[in-house]
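I have placed the structure first, in the form of structure tokens, so that the comments after it can refer back to it.
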Amino acid sequence: KTVAEAEKLLRGIKRTTSASLSICDAVGGAVFEITPKAIEVRKPTNDLTLCTNHFVSDGLGIAPKKGCWRLEKLLETQKDDGKLDVEDVFAELDAVNQGKETLQSMVFEPATRTLHLKIGDGKTSATKVKPAVLDLAKLWE
């Protein structure tokens with residue numbers, strides 16, 4: 001039910017691969033950067049948590065690829081202290097899309113338990129399609 005419960009579960013199981021995992025609950029979210037040996041948790045900055053395919057936590061000792069312009073551009077979004085709406089966040093994700101290799105793009109709204117999900121068709125970026133809006137609270141009743 002909570003990000004804290006998810007963290008406890010993840011730390012208590014054997015991990016065999018590396019992954020980035022975004023988790024949200026009703027009051028916020030976090031990105032878990034997971035390796036077989038460690039888990040680093042990135043909390044929101046200005047109510048925004050961003051994730052690409054790159055680890056950024058210092059504690060892992062894994063630096064993002066040198067010159068990863070996508071990640072650098074997205075992290076700039078967290079420095080803005082203004083509120084962003086779903087369309088604003090999708091615009092930022094679209095600005096760093098990788099064409100047909102961007103298979104999915106998601107925006108979570110933890111307070112309303114809403115997921116805005118864009119799935120690509122393998123021909124163009126997922127960021128270019130209309131999102132499906134999932135009311136997770138209803139699904140989890």
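Every chain in the structure tokens has a letter given in the order shown (A, B, ...), and although residue numbers restart at 1 in each chain, ligands are simply numbered from 1 in the order shown.
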If you run DSSP on the backbone, which residues of chain A are strand (DSSP E), as a VMD selection string?
chain A and resid 19 to 25 28 to 34 39 to 42 104 to 109 114 to 119 132 to 135
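Once Ser22 (chain A) and its same-chain neighbours fewer than 4 positions away are set aside, Gly29, Ala30, Val31, Phe32, Glu33, Thr49, Leu50 and Cys51 of chain A remain within 9 Å of it when counting only C-alpha atoms.
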Written file, previous selection with all heavy atoms, as a JSON list (two decimals), in the first residue's frame:
[["chain", "number", "residue", "atom", "x", "y", "z"],
["A", 29, "GLY", "N", 5.75, 9.36, -4.38],
["A", 29, "GLY", "CA", 6.40, 8.27, -5.08],
["A", 29, "GLY", "C", 7.90, 8.30, -4.88],
["A", 29, "GLY", "O", 8.44, 9.15, -4.17],
["A", 30, "ALA", "N", 8.56, 7.36, -5.52],
["A", 30, "ALA", "CA", 10.01, 7.26, -5.48],
["A", 30, "ALA", "C", 10.46, 6.41, -6.66],
["A", 30, "ALA", "O", 9.69, 5.63, -7.22],
["A", 30, "ALA", "CB", 10.48, 6.63, -4.17],
["A", 31, "VAL", "N", 11.73, 6.58, -7.01],
["A", 31, "VAL", "CA", 12.34, 5.71, -8.00],
["A", 31, "VAL", "C", 13.34, 4.83, -7.26],
["A", 31, "VAL", "O", 14.18, 5.33, -6.51],
["A", 31, "VAL", "CB", 13.06, 6.51, -9.11],
["A", 31, "VAL", "CG1", 13.87, 5.59, -10.02],
["A", 31, "VAL", "CG2", 12.06, 7.32, -9.92],
["A", 32, "PHE", "N", 13.22, 3.55, -7.45],
["A", 32, "PHE", "CA", 14.14, 2.59, -6.86],
["A", 32, "PHE", "C", 15.14, 2.18, -7.94],
["A", 32, "PHE", "O", 14.75, 1.69, -9.00],
["A", 32, "PHE", "CB", 13.39, 1.35, -6.37],
["A", 32, "PHE", "CG", 12.52, 1.60, -5.18],
["A", 32, "PHE", "CD1", 11.32, 2.27, -5.31],
["A", 32, "PHE", "CD2", 12.92, 1.19, -3.92],
["A", 32, "PHE", "CE1", 10.51, 2.51, -4.21],
["A", 32, "PHE", "CE2", 12.13, 1.42, -2.81],
["A", 32, "PHE", "CZ", 10.92, 2.09, -2.96],
["A", 33, "GLU", "N", 16.42, 2.41, -7.66],
["A", 33, "GLU", "CA", 17.49, 1.96, -8.56],
["A", 33, "GLU", "C", 18.03, 0.70, -7.92],
["A", 33, "GLU", "O", 18.62, 0.73, -6.84],
["A", 33, "GLU", "CB", 18.53, 3.06, -8.72],
["A", 33, "GLU", "CG", 17.94, 4.27, -9.44],
["A", 33, "GLU", "CD", 18.91, 5.41, -9.62],
["A", 33, "GLU", "OE1", 20.02, 5.38, -9.06],
["A", 33, "GLU", "OE2", 18.55, 6.36, -10.34],
["A", 49, "THR", "N", 9.22, 13.06, -9.67],
["A", 49, "THR", "CA", 10.20, 11.99, -9.69],
["A", 49, "THR", "C", 10.34, 11.53, -11.14],
["A", 49, "THR", "O", 9.34, 11.19, -11.77],
["A", 49, "THR", "CB", 9.76, 10.80, -8.82],
["A", 49, "THR", "OG1", 9.43, 11.29, -7.53],
["A", 49, "THR", "CG2", 10.84, 9.77, -8.70],
["A", 50, "LEU", "N", 11.55, 11.53, -11.65],
["A", 50, "LEU", "CA", 11.78, 11.20, -13.05],
["A", 50, "LEU", "C", 12.65, 9.96, -13.17],
["A", 50, "LEU", "O", 13.53, 9.72, -12.34],
["A", 50, "LEU", "CB", 12.47, 12.37, -13.75],
["A", 50, "LEU", "CG", 11.68, 13.67, -13.75],
["A", 50, "LEU", "CD1", 12.56, 14.83, -14.10],
["A", 50, "LEU", "CD2", 10.50, 13.56, -14.70],
["A", 51, "CYS", "N", 12.40, 9.21, -14.24],
["A", 51, "CYS", "CA", 13.16, 7.98, -14.42],
["A", 51, "CYS", "C", 13.36, 7.72, -15.91],
["A", 51, "CYS", "O", 12.42, 7.83, -16.69],
["A", 51, "CYS", "CB", 12.38, 6.83, -13.77],
["A", 51, "CYS", "SG", 13.19, 5.24, -13.87]]
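Checking A:Ile39, A:Ala111, A:Leu71, A:Val56 one by one against Leu93 (chain A), counting only C-alpha atoms, you find the shortest gap at A:Leu71.
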Residue nearest Glu101 (chain A) - candidates A:Ser20, A:Thr52, A:Thr77, A:Thr124, atoms counted: only C-alpha atoms
A:Thr124
